[in-house]
$ cat structure-v6.tsv   # TSV, C-alpha atoms and all ligand atoms
chain	number	residue	atom	x	y	z
A	219	MET	CA	151.21	198.19	-141.30
A	220	THR	CA	152.35	201.57	-140.07
A	221	ASP	CA	150.82	204.93	-140.82
A	222	THR	CA	154.18	206.46	-141.82
A	223	GLY	CA	156.40	203.66	-143.15
A	224	ILE	CA	158.44	204.10	-139.99
A	225	ALA	CA	158.12	201.61	-137.15
A	226	LEU	CA	160.00	203.60	-134.53
A	227	ARG	CA	161.42	207.09	-134.24
A	228	THR	CA	163.15	208.38	-131.12
A	229	ASP	CA	164.42	211.93	-130.84
A	230	GLY	CA	166.87	212.95	-128.11
A	231	VAL	CA	165.53	210.32	-125.76
A	232	GLY	CA	167.04	210.06	-122.31
A	233	LYS	CA	166.03	208.12	-119.22
A	234	ARG	CA	167.25	209.04	-115.78
A	235	TYR	CA	166.84	206.71	-112.82
A	236	ARG	CA	167.63	207.80	-109.28
A	237	LYS	CA	171.28	206.84	-109.58
A	238	GLY	CA	171.81	208.54	-112.92
A	239	TRP	CA	171.23	208.37	-116.64
A	240	ALA	CA	170.62	204.92	-118.16
A	241	LEU	CA	170.07	206.35	-121.63
A	242	ARG	CA	171.25	209.65	-123.16
A	243	ASP	CA	170.41	211.50	-126.33
A	244	CYS	CA	169.08	208.50	-128.24
A	245	THR	CA	167.97	209.42	-131.76
A	246	LEU	CA	166.92	206.59	-134.06
A	247	THR	CA	164.68	205.86	-137.02
A	248	LEU	CA	163.73	202.27	-137.80
A	249	PRO	CA	161.93	201.51	-141.05
A	250	ALA	CA	158.76	199.42	-140.99
A	251	GLY	CA	158.87	195.78	-142.05
A	252	GLY	CA	162.45	195.11	-141.00
A	253	VAL	CA	164.27	193.25	-138.29
A	254	THR	CA	166.48	195.39	-136.07
A	255	ALA	CA	168.99	194.10	-133.56
A	256	LEU	CA	169.78	196.21	-130.51
A	257	VAL	CA	173.21	195.18	-129.31
A	258	GLY	CA	175.15	196.22	-126.24
A	259	PRO	CA	176.89	194.90	-123.15
A	260	ASN	CA	175.25	194.42	-119.73
A	261	GLY	CA	173.97	197.71	-118.40
A	262	ALA	CA	174.18	199.50	-121.77
A	263	GLY	CA	170.54	200.57	-121.52
A	264	LYS	CA	168.89	198.05	-123.89
A	265	THR	CA	166.02	197.05	-121.58
A	266	THR	CA	165.45	200.70	-120.68
A	267	LEU	CA	165.16	201.64	-124.36
A	268	LEU	CA	162.82	198.74	-125.13
A	269	ARG	CA	160.59	199.58	-122.16
A	270	LEU	CA	160.40	203.19	-123.37
A	271	VAL	CA	159.39	201.94	-126.83
A	272	VAL	CA	156.49	199.85	-125.52
A	273	GLY	CA	155.30	202.56	-123.13
A	274	LEU	CA	156.23	200.81	-119.88
A	275	LEU	CA	158.54	203.72	-119.01
A	276	ALA	CA	158.23	207.41	-119.75
A	277	PRO	CA	161.29	209.24	-121.13
A	278	SER	CA	163.00	211.91	-118.99
A	279	THR	CA	163.89	213.80	-122.19
A	280	GLY	CA	162.93	213.55	-125.85
A	281	THR	CA	160.14	211.77	-127.66
A	282	VAL	CA	159.37	208.19	-128.70
A	283	GLU	CA	157.09	207.68	-131.69
A	284	VAL	CA	155.87	204.18	-132.44
A	285	LEU	CA	153.95	203.48	-135.66
A	286	GLY	CA	153.59	207.23	-136.13
A	287	HIS	CA	152.18	207.94	-132.65
A	288	ASP	CA	153.80	209.48	-129.58
A	289	VAL	CA	154.01	206.62	-127.10
A	290	THR	CA	153.33	208.73	-124.03
A	291	ALA	CA	150.01	209.83	-125.57
A	292	SER	CA	149.14	206.40	-126.96
A	293	THR	CA	145.63	205.05	-126.92
A	294	PRO	CA	144.85	201.36	-126.12
A	295	GLN	CA	144.29	200.90	-129.89
A	296	THR	CA	147.86	201.99	-130.67
A	297	LEU	CA	149.34	199.95	-127.85
A	298	SER	CA	147.41	196.89	-129.01
A	299	ARG	CA	149.49	197.08	-132.21
A	300	VAL	CA	152.72	196.64	-130.25
A	301	GLY	CA	153.82	193.26	-128.88
A	302	PHE	CA	156.42	192.91	-126.14
A	303	LEU	CA	158.28	189.82	-125.06
A	304	ALA	CA	160.10	190.63	-121.82
A	305	GLN	CA	163.46	189.16	-120.85
A	306	ASP	CA	163.28	185.41	-119.97
A	307	HIS	CA	159.85	185.18	-121.65
A	308	PRO	CA	157.78	185.13	-118.47
A	309	LEU	CA	154.69	182.86	-118.55
A	310	TYR	CA	152.23	181.86	-115.84
A	311	LYS	CA	153.92	178.55	-115.07
A	312	ARG	CA	150.82	176.86	-113.60
A	313	PHE	CA	148.70	177.58	-116.67
A	314	THR	CA	148.50	175.02	-119.44
A	315	VAL	CA	149.38	176.25	-122.92
A	316	ALA	CA	145.65	176.16	-123.82
A	317	GLU	CA	144.85	178.32	-120.78
A	318	LEU	CA	147.55	180.79	-121.78
A	319	LEU	CA	146.01	181.04	-125.24
A	320	ARG	CA	142.55	181.64	-123.73
A	321	PHE	CA	144.07	184.31	-121.51
A	322	GLY	CA	145.74	185.92	-124.53
A	323	ARG	CA	142.43	186.00	-126.40
A	324	ALA	CA	140.64	187.58	-123.44
A	325	CYS	CA	143.28	190.33	-123.08
A	326	ASN	CA	143.93	191.31	-126.70
A	327	LEU	CA	141.63	192.86	-129.25
A	328	ARG	CA	143.16	191.23	-132.34
A	329	PHE	CA	144.29	187.90	-130.85
A	330	ASP	CA	144.44	185.13	-133.47
A	331	GLN	CA	144.17	181.90	-131.46
A	332	GLY	CA	144.15	179.70	-134.59
A	333	LEU	CA	147.49	181.18	-135.65
A	334	ALA	CA	149.05	180.42	-132.26
A	335	GLU	CA	147.66	176.86	-132.25
A	336	ARG	CA	149.01	176.17	-135.73
A	337	ARG	CA	152.46	177.48	-134.78
A	338	LEU	CA	152.58	175.36	-131.63
A	339	ALA	CA	151.28	172.23	-133.41
A	340	LYS	CA	154.05	172.63	-136.00
A	341	LEU	CA	156.60	172.68	-133.17
A	342	GLY	CA	154.98	169.68	-131.43
A	343	ILE	CA	154.18	171.64	-128.25
A	344	PRO	CA	151.15	170.05	-126.52
A	345	LEU	CA	148.36	172.43	-125.54
A	346	ASP	CA	147.49	170.47	-122.38
A	347	ARG	CA	151.00	170.76	-120.87
A	348	LYS	CA	151.59	173.23	-118.03
A	349	ALA	CA	153.97	176.01	-119.05
A	350	GLY	CA	156.26	175.19	-116.11
A	351	ALA	CA	156.68	171.63	-117.43
A	352	LEU	CA	157.98	172.77	-120.82
A	353	SER	CA	161.67	173.11	-121.68
A	354	GLY	CA	163.20	176.60	-121.81
A	355	GLY	CA	163.14	176.51	-125.61
A	356	GLN	CA	159.47	175.43	-125.67
A	357	GLN	CA	158.53	178.16	-123.18
A	358	ALA	CA	160.24	180.70	-125.42
A	359	GLN	CA	158.26	179.38	-128.40
A	360	VAL	CA	154.97	179.60	-126.47
A	361	ALA	CA	155.75	183.17	-125.46
A	362	LEU	CA	156.59	184.00	-129.08
A	363	ALA	CA	153.42	182.34	-130.38
A	364	LEU	CA	151.36	184.38	-127.89
A	365	ALA	CA	153.11	187.59	-128.93
A	366	LEU	CA	152.66	186.90	-132.66
A	367	ALA	CA	149.01	185.91	-132.21
A	368	LYS	CA	148.41	189.46	-131.09
A	369	ARG	CA	149.16	190.29	-134.73
A	370	PRO	CA	151.34	193.25	-133.74
A	371	ASP	CA	152.66	195.76	-136.25
A	372	LEU	CA	155.76	196.14	-134.07
A	373	LEU	CA	157.11	193.27	-131.99
A	374	VAL	CA	159.72	194.14	-129.36
A	375	LEU	CA	161.73	191.33	-127.76
A	376	ASP	CA	164.19	191.73	-124.88
A	377	GLU	CA	167.05	189.25	-125.22
A	378	PRO	CA	164.75	186.51	-126.50
A	379	VAL	CA	167.50	183.99	-127.20
A	380	ALA	CA	169.91	184.70	-124.35
A	381	SER	CA	168.94	181.66	-122.28
A	382	LEU	CA	168.45	179.22	-125.17
A	383	ASP	CA	170.84	176.52	-126.40
A	384	PRO	CA	172.09	176.89	-130.00
A	385	LEU	CA	169.40	174.57	-131.45
A	386	ALA	CA	166.52	176.25	-129.59
A	387	ARG	CA	168.00	179.63	-130.53
A	388	HIS	CA	168.07	178.64	-134.19
A	389	GLU	CA	164.46	177.39	-134.10
A	390	PHE	CA	163.29	180.54	-132.31
A	391	LEU	CA	164.95	182.82	-134.85
A	392	GLN	CA	163.53	180.72	-137.72
A	393	VAL	CA	160.01	181.28	-136.41
A	394	LEU	CA	160.70	184.99	-136.00
A	395	MET	CA	162.02	185.29	-139.54
A	396	GLY	CA	159.06	183.27	-140.84
A	397	ALA	CA	156.72	185.81	-139.24
A	398	VAL	CA	158.58	188.67	-140.93
A	399	ALA	CA	158.46	186.88	-144.27
A	400	GLU	CA	154.67	186.54	-143.91
A	401	GLY	CA	154.71	190.36	-143.82
A	402	GLY	CA	153.25	193.15	-141.77
A	403	VAL	CA	155.41	192.98	-138.66
A	404	SER	CA	158.49	195.01	-137.76
A	405	ILE	CA	160.79	193.49	-135.19
A	406	LEU	CA	163.15	195.08	-132.68
A	407	PHE	CA	165.08	192.74	-130.44
A	408	SER	CA	168.00	193.08	-128.08
A	409	SER	CA	170.78	190.53	-128.07
A	410	HIS	CA	174.20	189.66	-126.75
A	411	VAL	CA	174.69	187.05	-129.47
A	412	VAL	CA	176.35	188.95	-132.25
A	413	HIS	CA	177.48	186.25	-134.66
A	414	GLU	CA	173.96	185.28	-135.81
A	415	LEU	CA	172.74	188.79	-136.46
A	416	GLU	CA	173.74	189.05	-140.11
A	417	ARG	CA	171.54	186.07	-141.02
A	418	VAL	CA	168.54	187.42	-139.14
A	419	CYS	CA	168.61	191.24	-139.19
A	420	ASP	CA	168.67	194.01	-141.71
A	421	HIS	CA	169.19	196.88	-139.30
A	422	LEU	CA	171.52	197.40	-136.36
A	423	VAL	CA	171.66	199.64	-133.30
A	424	VAL	CA	174.74	199.47	-131.05
A	425	LEU	CA	174.25	200.88	-127.58
A	426	ASN	CA	177.13	201.45	-125.17
A	427	HIS	CA	177.10	203.28	-121.84
A	428	GLY	CA	173.58	204.49	-122.55
A	429	ARG	CA	174.42	206.04	-125.92
A	430	VAL	CA	173.87	204.93	-129.50
A	431	THR	CA	177.34	204.50	-131.01
A	432	LEU	CA	176.32	202.99	-134.35
A	433	THR	CA	173.02	202.61	-136.18
A	434	GLY	CA	171.98	201.85	-139.73
A	435	ASP	CA	171.16	199.35	-142.40
A	436	ILE	CA	173.59	196.42	-141.99
A	437	ASP	CA	174.60	196.17	-145.67
A	438	THR	CA	175.28	199.91	-145.77
A	439	LEU	CA	177.30	199.82	-142.55
A	440	LEU	CA	179.41	196.94	-143.87
A	441	ALA	CA	179.99	198.79	-147.15
A	442	GLU	CA	181.00	201.98	-145.29
A	443	HIS	CA	183.62	200.28	-143.10
A	444	ARG	CA	186.79	198.47	-144.04
A	445	LEU	CA	189.90	197.07	-142.44
A	446	LEU	CA	193.21	198.55	-143.52
A	447	VAL	CA	196.18	196.32	-142.84
A	448	GLY	CA	199.73	197.51	-143.27
A	449	PRO	CA	203.18	197.77	-141.71
A	450	ARG	CA	203.19	198.95	-138.12
A	451	THR	CA	202.83	202.70	-138.15
A	452	THR	CA	204.03	205.09	-135.52
A	453	ALA	CA	201.70	207.83	-136.85
A	454	ASP	CA	199.01	208.95	-134.46
A	455	VAL	CA	196.28	207.18	-136.45
A	456	ASP	CA	194.13	206.36	-133.41
A	457	ARG	CA	193.12	209.99	-133.22
A	458	ALA	CA	191.98	210.34	-136.83
A	459	ASP	CA	188.24	210.87	-137.09
A	460	THR	CA	187.65	208.03	-139.54
A	461	VAL	CA	189.50	205.46	-137.44
A	462	VAL	CA	187.12	203.44	-135.30
A	463	GLN	CA	189.79	201.13	-133.94
A	464	ALA	CA	193.55	200.70	-134.34
A	465	VAL	CA	195.29	197.48	-133.38
A	466	HIS	CA	199.08	197.27	-133.46
A	467	SER	CA	201.12	194.06	-133.43
A	468	ASP	CA	204.92	193.91	-133.55
A	469	ARG	CA	204.97	194.21	-137.33
A	470	HIS	CA	201.49	195.28	-138.44
A	471	THR	CA	198.86	197.89	-137.83
A	472	THR	CA	195.19	197.10	-138.51
A	473	LEU	CA	192.79	200.00	-138.75
A	474	LEU	CA	189.03	199.77	-138.87
A	475	VAL	CA	187.93	202.89	-140.74
A	476	ARG	CA	184.62	204.39	-141.72
A	477	ASP	CA	184.19	206.25	-145.01
A	478	GLY	CA	187.97	206.50	-145.27
A	479	ALA	CA	189.98	206.89	-148.45
A	480	LEU	CA	191.80	203.77	-149.62
A	481	PRO	CA	195.44	203.82	-148.48
A	482	THR	CA	198.01	204.61	-151.12
A	483	ALA	CA	201.10	204.02	-148.99
A	484	PRO	CA	203.12	200.92	-149.98
A	485	GLY	CA	202.26	197.70	-148.15
A	486	TRP	CA	198.71	198.73	-147.15
A	487	GLN	CA	195.67	196.66	-148.15
A	488	ALA	CA	191.94	197.16	-147.67
A	489	GLN	CA	189.71	194.26	-146.55
A	490	PRO	CA	186.00	193.95	-145.84
A	491	VAL	CA	185.00	193.77	-142.19
A	492	ALA	CA	182.78	191.07	-140.67
A	493	LEU	CA	179.70	192.27	-138.80
A	494	GLU	CA	180.81	190.71	-135.51
A	495	ASP	CA	184.18	192.52	-135.71
A	496	LEU	CA	182.42	195.77	-136.56
A	497	VAL	CA	180.11	195.51	-133.55
A	498	LEU	CA	182.94	194.52	-131.22
A	499	ALA	CA	185.05	197.47	-132.39
A	500	TYR	CA	182.23	199.91	-131.58
A	501	LEU	CA	181.65	198.24	-128.22
A	502	ARG	CA	185.35	198.59	-127.36
A	503	ARG	CA	185.42	202.32	-128.10
A	504	PRO	CA	185.83	204.51	-125.05
A	505	SER	CA	182.53	206.02	-123.92
A	506	GLY	CA	183.61	209.56	-124.86
A	507	ALA	CA	184.68	208.66	-128.43
A	508	GLY	CA	183.26	210.94	-131.07
A	509	THR	CA	181.65	210.00	-134.34
A	510	THR	CA	183.75	208.79	-137.25
A	511	THR	CA	183.53	211.34	-140.03
A	512	ALA	CA	186.55	212.93	-141.67
A	513	PRO	CA	189.26	211.18	-143.72
A	514	GLY	CA	192.49	210.32	-141.93
A	515	VAL	CA	194.18	207.10	-143.06
A	516	PRO	CA	197.73	206.39	-144.20
A	517	ALA	CA	198.36	207.93	-147.60
B	601	LIG	N1	164.56	200.42	-112.32
B	601	LIG	C1	165.79	200.90	-112.29
B	601	LIG	N2	166.19	201.73	-111.29
B	601	LIG	C2	167.44	202.24	-111.25
B	601	LIG	N3	168.40	201.95	-112.16
B	601	LIG	C3	168.08	201.11	-113.15
B	601	LIG	C4	166.77	200.54	-113.28
B	601	LIG	N4	166.73	199.75	-114.38
B	601	LIG	C5	167.98	199.82	-114.91
B	601	LIG	N5	168.78	200.63	-114.19
B	601	LIG	C6	170.18	200.98	-114.49
B	601	LIG	O1	170.20	201.53	-115.80
B	601	LIG	C7	171.32	201.06	-116.54
B	601	LIG	C8	170.86	200.37	-117.81
B	601	LIG	O2	170.16	199.19	-117.44
B	601	LIG	P1	169.39	198.27	-118.52
B	601	LIG	O3	168.73	197.16	-117.77
B	601	LIG	O4	168.55	199.14	-119.37
B	601	LIG	O5	170.63	197.72	-119.36
B	601	LIG	P2	170.71	196.44	-120.32
B	601	LIG	O6	171.56	196.87	-121.48
B	601	LIG	O7	169.36	195.94	-120.64
B	601	LIG	O8	171.49	195.39	-119.42
B	601	LIG	P3	171.42	193.77	-119.44
B	601	LIG	O9	172.05	193.33	-120.72
B	601	LIG	O10	172.24	193.41	-118.25
B	601	LIG	O11	169.97	193.37	-119.30
B	601	LIG	C9	172.11	200.15	-115.59
B	601	LIG	O12	173.13	200.91	-114.99
B	601	LIG	C10	171.07	199.75	-114.56
B	601	LIG	O13	171.68	199.50	-113.32
$ encode --input "structure-v6.tsv" --output "structure tokens"
Amino acid sequence: MTDTGIALRTDGVGKRYRKGWALRDCTLTLPAGGVTALVGPNGAGKTTLLRLVVGLLAPSTGTVEVLGHDVTASTPQTLSRVGFLAQDHPLYKRFTVAELLRFGRACNLRFDQGLAERRLAKLGIPLDRKAGALSGGQQAQVALALALAKRPDLLVLDEPVASLDPLARHEFLQVLMGAVAEGGVSILFSSHVVHELERVCDHLVVLNHGRVTLTGDIDTLLAEHRLLVGPRTTADVDRADTVVQAVHSDRHTTLLVRDGALPTAPGWQAQPVALEDLVLAYLRRPSGAGTTTAPGVPA
């Protein structure tokens, strides 16, 4: 469990590489015990943010607090409470699964080998098989079992399902959700696969061009946004602060609005928005777009 009820807090975090800023002004608070998806296109800064969270990179600006402790000043005890599964779940391919488990036990203070063995037995993954001889889905499961056996309070995963087929992806996410249901672990994972997020996550962070463009509890975000569909309007709605996205066809205009008043003009209807459409709308926003705050929909 965490000392503060908060798994992760970042304040004004930026990361500058030689060629420029990969992350700017990132301020987030993630509650403990939840599953958070970090979504963004290639190059958005997801890996950079995750590496800052687990202490593999130091921020150029701002602070990162994990489980109530500043990451840059973390002790081995604090870091031992954070698990990290890097992109493509790297394993020593010549080690057998049993050897990987022994290695995990030797390197981690709180490693629960029995837990990892039970998870792998349930999935039918043989302990005497070399990691390199396992399928991609099995390798991902071994990497996850190793990470969970560390009994982390915060588990950070970088695109864990990107290379998996739909079945392996489903099984992987099932195991992850099972671990959350058992309690005690907060999860932050990055993903390109948006359509499964609603089933798996309770919190969302959308990152685009190195900046957080949307963050919050998923149910709250869905309740705050709606689609307004009506006759094609020539009004300059795109520039209203509440309008996240405006799409015009020959006869209709569809507006995605946040915290907007319901339209009263004839022919306009309000509809709920699906999570995938919400994420895509924020990803399509130009990088300089401001936040969506004040009312401004057809009346
Ligand atoms: N070690 C590095 N040195 C210099 N620039 C880097 C380094 N790592 C990342 N970058 C740059 O920082 C930006 C963000 O990269 P990052 O890998 O964090 O994005 P990402 O969202 O994880 O992308 P992907 O989905 O492709 O993995 C990119 O422009 C990338 O080229």
$ residues_near_ligand --input "structure-v6.tsv" --ligand "ligand LIG 601 (chain B)" --cutoff "9 Å" --atoms "only C-alpha atoms and all ligand atoms" --output "PyMOL selection string"
chain A and resi 233-241+257-269+305+376-377+408-410+425-428
$ atom_distance --input "structure-v6.tsv" --atom1 "atom CA of A:Val253" --atom2 "atom CA of A:Val411"
15.0 Å
$ residues_around --input "structure-v6.tsv" --residues "A:Asn326" --least-positions-apart "3" --cutoff "12 Å" --atoms "only C-alpha atoms" --output "ChimeraX atom specification"
/A:294-295,297-301,319-323,329-331,364-370
$ closest_residue --input "structure-v6.tsv" --among "A:Val418, A:Ala351, A:Val272, A:Leu303" --to "A:Ala291" --atoms "only C-alpha atoms"
A:Val272
$ atom_distance --input "structure-v6.tsv" --atom1 "atom CA of A:Ala453" --atom2 "atom CA of A:Leu473"
12.0 Å
$ residues_around --input "structure-v6.tsv" --residues "A:Asp495" --least-positions-apart "2" --cutoff "10 Å" --atoms "only C-alpha atoms" --output "list of chain:residue names"
A:Val412, A:His413, A:Leu445, A:Leu474, A:Val491, A:Ala492, A:Leu493, A:Val497, A:Leu498, A:Ala499, A:Tyr500, A:Leu501
$ write_last_selection --input "structure-v6.tsv" --atoms "C-alpha atoms" --output "CSV table (one decimal), in the coordinates of the input"
chain,number,residue,atom,x,y,z
A,412,VAL,CA,176.4,189.0,-132.2
A,413,HIS,CA,177.5,186.2,-134.7
A,445,LEU,CA,189.9,197.1,-142.4
A,474,LEU,CA,189.0,199.8,-138.9
A,491,VAL,CA,185.0,193.8,-142.2
A,492,ALA,CA,182.8,191.1,-140.7
A,493,LEU,CA,179.7,192.3,-138.8
A,497,VAL,CA,180.1,195.5,-133.6
A,498,LEU,CA,182.9,194.5,-131.2
A,499,ALA,CA,185.0,197.5,-132.4
A,500,TYR,CA,182.2,199.9,-131.6
A,501,LEU,CA,181.6,198.2,-128.2
$ atom_distance --input "structure-v6.tsv" --atom1 "atom CA of A:Ala250" --atom2 "atom CA of A:Leu372"
8.2 Å
$ closest_residue --input "structure-v6.tsv" --among "A:Arg227, A:Lys340, A:His421, A:Lys311" --to "A:Glu389" --atoms "all atoms listed in the file"
A:Lys340
$ closest_residue --input "structure-v6.tsv" --among "A:Pro504, A:Gly280, A:Gly251, A:Gly232" --to "A:Thr431" --atoms "only C-alpha atoms"
A:Pro504
$ closest_residue --input "structure-v6.tsv" --among "A:Thr451, A:Thr471, A:Gln356, A:Ser292" --to "A:Val271" --atoms "all atoms listed in the file"
A:Ser292
$ closest_residue --input "structure-v6.tsv" --among "A:Ala380, A:Cys419, A:Val475, A:Val461" --to "A:Ala441" --atoms "only C-alpha atoms"
A:Val475
$ closest_residue --input "structure-v6.tsv" --among "A:Ser381, A:Ala358, A:Ile224, A:Gly396" --to "A:His287" --atoms "only C-alpha atoms"
A:Ile224
